[in-house]
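Peer 1: Coordinates in upload-v8.cif, mmCIF, C-alpha atoms, are listed below.
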data_work
#
loop_
_atom_site.label_atom_id
_atom_site.label_comp_id
_atom_site.auth_asym_id
_atom_site.auth_seq_id
_atom_site.Cartn_x
_atom_site.Cartn_y
_atom_site.Cartn_z
CA MET A 1 -19.99 -2.19 -7.02
CA LEU A 2 -22.72 -0.78 -4.80
CA LEU A 3 -26.20 -2.30 -4.61
CA SER A 4 -29.35 -0.40 -3.80
CA THR A 5 -32.94 -1.34 -3.00
CA GLU A 6 -34.20 1.75 -1.15
CA MET A 7 -34.69 5.40 -2.11
CA LYS A 8 -36.02 8.35 -0.07
CA GLY A 9 -36.35 11.64 -1.93
CA PRO A 10 -32.99 12.48 -3.50
CA TRP A 11 -31.17 9.86 -1.38
CA VAL A 12 -30.38 6.24 -2.25
CA ARG A 13 -29.28 3.62 0.27
CA VAL A 14 -26.19 1.91 -1.10
CA GLN A 15 -24.57 -1.24 0.19
CA HIS A 16 -21.41 -3.20 -0.55
CA LYS A 17 -20.53 -6.44 1.16
CA GLY A 18 -17.00 -7.77 0.96
CA SER A 19 -13.99 -7.67 3.26
CA LEU A 20 -15.23 -4.12 3.95
CA THR A 21 -18.95 -3.53 4.46
CA VAL A 22 -20.49 -0.26 3.29
CA ASP A 23 -24.05 0.69 4.24
CA ALA A 24 -24.67 4.36 3.52
CA TRP A 25 -26.98 6.94 1.98
CA ALA A 26 -25.78 8.80 -1.11
CA LYS A 27 -27.29 11.49 -3.30
CA ALA A 28 -28.87 9.86 -6.35
CA ALA A 29 -27.40 12.64 -8.51
CA ASP A 30 -23.88 11.51 -7.50
CA LEU A 31 -24.43 7.90 -8.60
CA LYS A 32 -24.23 6.33 -12.04
CA PRO A 33 -26.52 3.29 -12.35
CA PHE A 34 -25.95 0.40 -14.71
CA PRO A 35 -27.83 0.91 -17.99
CA LYS A 36 -31.36 -0.53 -17.93
CA GLY A 37 -31.29 -4.30 -18.34
CA GLU A 38 -27.57 -4.55 -17.56
CA MET A 39 -26.70 -6.16 -14.26
CA LEU A 40 -23.36 -7.54 -13.18
CA ASP A 41 -24.91 -10.77 -11.90
CA ALA A 42 -26.52 -11.37 -15.32
CA LEU A 43 -23.14 -11.59 -17.08
CA SER A 44 -21.88 -15.02 -18.00
CA THR A 45 -18.74 -16.19 -16.27
CA ASN A 46 -16.80 -16.44 -19.55
CA SER A 47 -17.40 -12.72 -20.20
CA MET A 48 -16.04 -11.71 -16.81
CA VAL A 49 -12.59 -10.13 -16.59
CA SER A 50 -10.32 -10.92 -13.70
CA ILE A 51 -8.62 -7.86 -12.23
CA SER A 52 -5.79 -7.95 -9.73
CA PRO A 53 -6.61 -6.28 -6.43
CA ALA A 54 -5.52 -2.67 -6.05
CA LYS A 55 -2.41 -1.97 -4.03
CA LEU A 56 -1.49 1.15 -2.14
CA LYS A 57 1.95 2.56 -2.94
CA VAL A 58 3.25 5.07 -0.42
CA GLU A 59 6.70 6.59 -0.09
CA GLY A 60 8.12 5.95 3.36
CA SER A 61 6.90 3.47 5.93
CA THR A 62 3.34 2.46 6.68
CA LYS A 63 1.86 0.39 9.46
CA LEU A 64 -0.86 -2.27 9.24
CA VAL A 65 -3.30 -2.03 12.16
CA ILE A 66 -6.12 -4.40 13.09
CA VAL A 67 -8.74 -2.26 14.79
CA ASP A 68 -9.96 -3.71 18.13
CA LYS A 69 -13.08 -1.52 18.47
CA ASP A 70 -15.35 0.53 16.25
CA VAL A 71 -13.49 3.76 15.38
CA PRO A 72 -15.14 6.92 13.96
CA LEU A 73 -13.97 7.66 10.39
CA ARG A 74 -13.72 11.24 9.12
CA LEU A 75 -12.72 13.04 5.92
CA THR A 76 -10.91 15.72 7.96
CA ALA A 77 -8.63 15.45 10.98
CA ASN A 78 -10.93 17.49 13.19
CA ASP A 79 -13.28 16.58 16.05
CA ALA A 80 -15.71 19.29 14.95
CA VAL A 81 -16.29 17.49 11.63
CA LYS A 82 -18.99 14.83 11.77
CA ALA A 83 -17.85 11.24 11.29
CA ILE A 84 -18.87 9.70 7.95
CA GLY A 85 -18.96 6.20 9.40
CA VAL A 86 -16.91 3.79 11.48
CA ILE A 87 -14.05 1.42 10.97
CA GLU A 88 -15.50 -1.80 12.35
CA SER A 89 -13.72 -3.83 14.99
CA GLY A 90 -11.47 -6.41 13.34
CA ALA A 91 -10.92 -4.38 10.14
CA GLU A 92 -7.39 -4.05 8.80
CA VAL A 93 -6.25 -0.53 7.91
CA VAL A 94 -3.00 0.87 6.59
CA VAL A 95 -1.76 3.88 8.56
CA VAL A 96 0.01 6.18 6.10
CA ASP A 97 1.07 8.83 8.61
CA THR A 98 0.11 10.36 11.94
CA VAL A 99 0.01 14.12 12.57
CA ALA A 100 -1.08 15.89 15.76
CA GLY A 101 -2.89 12.81 17.12
CA TRP A 102 -4.70 11.99 13.83
CA SER A 103 -3.82 9.11 11.50
CA ARG A 104 -4.41 9.13 7.75
CA ILE A 105 -5.62 5.64 6.87
CA TYR A 106 -6.87 3.43 4.04
CA PRO A 107 -8.58 0.04 4.18
CA LYS A 108 -6.00 -2.70 3.56
CA GLY A 109 -7.87 -4.03 0.52
CA LEU A 110 -8.71 -0.56 -0.88
CA GLU A 111 -12.35 -1.61 -1.25
CA ILE A 112 -13.34 2.00 -0.78
CA ILE A 113 -11.34 5.18 -1.26
CA PRO A 114 -12.06 8.75 -0.18
CA PRO A 115 -13.38 11.35 -2.64
CA ASP A 116 -10.86 13.28 -4.74
CA GLY A 117 -8.80 15.68 -2.67
CA LYS A 118 -9.79 14.04 0.64
CA ASP A 119 -8.31 11.41 2.94
CA PHE A 120 -9.69 9.08 5.59
CA TRP A 121 -8.75 10.13 9.14
CA ALA A 122 -9.10 8.51 12.56
CA LYS A 123 -7.73 9.41 15.97
CA ALA A 124 -4.40 7.69 16.47
CA LYS A 125 -5.28 6.70 20.06
CA ASP A 126 -8.45 4.96 18.81
CA LEU A 127 -6.24 2.88 16.50
CA GLY A 128 -4.00 1.91 19.41
CA LEU A 129 -1.11 4.10 18.26
#
Once you've parsed the file, please lay out its structure as structure tokens.

Peer 2:
Amino acid sequence: MLLSTEMKGPWVRVQHKGSLTVDAWAKAADLKPFPKGEMLDALSTNSMVSISPAKLKVEGSTKLVIVDKDVPLRLTANDAVKAIGVIESGAEVVVVDTVAGWSRIYPKGLEIIPPDGKDFWAKAKDLGL
């Protein structure tokens, strides 16, 4: 769940705080707000549903890495593509594979996933690989 308290033109500042922190700007047209009057924190505890955490299933071997510095995060394995954010120092990521010096990664807890058809990429050397 993303929370928002700020809007500028067509952009909305969204935030999520958990084991992974997200603080970003998104197009309002790409977001679906809760219906008016419905807020997650207004639900009673006996109406809440407990869901098991998501798990990543990958064929082959993966590697868990604890990042020791902020690492630029991209949606394409290319220096010319602007970073969409950073993997913060201390975060745990699962390295799915490494190709030509770039590693395809996911946050360990899968708190956030890339858009359909995309992957998260970081330079392997920045991950200590």

Peer 1: Any idea what the distance is between atom CA of Ile87 of chain A and atom CA of Val99 of chain A?

Peer 2: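 Atom CA of Ile87 of chain A sits 19.0 Å away from atom CA of Val99 of chain A.
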
Peer 1: Can you list, as JSON, numbers by chain, the residues that the PyMOL selection byres ((chain A and resi 63) around 9) selects here?

Peer 2: {"A": [61, 62, 64, 65, 93, 94, 95, 96, 97]}

Peer 1: Could you name the residues that touch Phe120 of chain A at 12 Å or less, counting all atoms listed in the file, but leaving out those on the same chain fewer than 3 positions away, as a ChimeraX atom specification?

Peer 2: /A:71-78,83-87,93-98,102-107,110,112-117,123

Peer 1: Keeping only C-alpha atoms, take the residues you just selected and write them out as a compact mmCIF listing (two decimals), in the coordinates of the input.

Peer 2:
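As a result, out08.txt now contains:
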# COMPACT_ATOMS: atom_id res chain seq x y z
CA VAL A 71 -13.49 3.76 15.38
CA PRO A 72 -15.14 6.92 13.96
CA LEU A 73 -13.97 7.66 10.39
CA ARG A 74 -13.72 11.24 9.12
CA LEU A 75 -12.72 13.04 5.92
CA THR A 76 -10.91 15.72 7.96
CA ALA A 77 -8.63 15.45 10.98
CA ASN A 78 -10.93 17.49 13.19
CA ALA A 83 -17.85 11.24 11.29
CA ILE A 84 -18.87 9.70 7.95
CA GLY A 85 -18.96 6.20 9.40
CA VAL A 86 -16.91 3.79 11.48
CA ILE A 87 -14.05 1.42 10.97
CA VAL A 93 -6.25 -0.53 7.91
CA VAL A 94 -3.00 0.87 6.59
CA VAL A 95 -1.76 3.88 8.56
CA VAL A 96 0.01 6.18 6.10
CA ASP A 97 1.07 8.83 8.61
CA THR A 98 0.11 10.36 11.94
CA TRP A 102 -4.70 11.99 13.83
CA SER A 103 -3.82 9.11 11.50
CA ARG A 104 -4.41 9.13 7.75
CA ILE A 105 -5.62 5.64 6.87
CA TYR A 106 -6.87 3.43 4.04
CA PRO A 107 -8.58 0.04 4.18
CA LEU A 110 -8.71 -0.56 -0.88
CA ILE A 112 -13.34 2.00 -0.78
CA ILE A 113 -11.34 5.18 -1.26
CA PRO A 114 -12.06 8.75 -0.18
CA PRO A 115 -13.38 11.35 -2.64
CA ASP A 116 -10.86 13.28 -4.74
CA GLY A 117 -8.80 15.68 -2.67
CA LYS A 123 -7.73 9.41 15.97

Peer 1: Could you tell me, as a PyMOL selection string, exactly which residues end up selected when the PyMOL selection byres ((chain A and resi 15-32) around 10) is applied to this structure?

Peer 2: chain A and resi 1-14+33-35+84-88+91-92+107-112

Peer 1: One decimal, in Å: what's the spacing between atom CA of Ala122 of chain A and atom CA of Asp79 of chain A?

Peer 2: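 Distance between the two atoms: 9.7 Å.
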
Peer 1: Mind giving me the straight-line distance from atom CA of Ile66 of chain A to atom CA of Ala80 of chain A in Å, one decimal?

Peer 2: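 Atom-to-atom, atom CA of Ile66 of chain A to atom CA of Ala80 of chain A, that is 25.6 Å.
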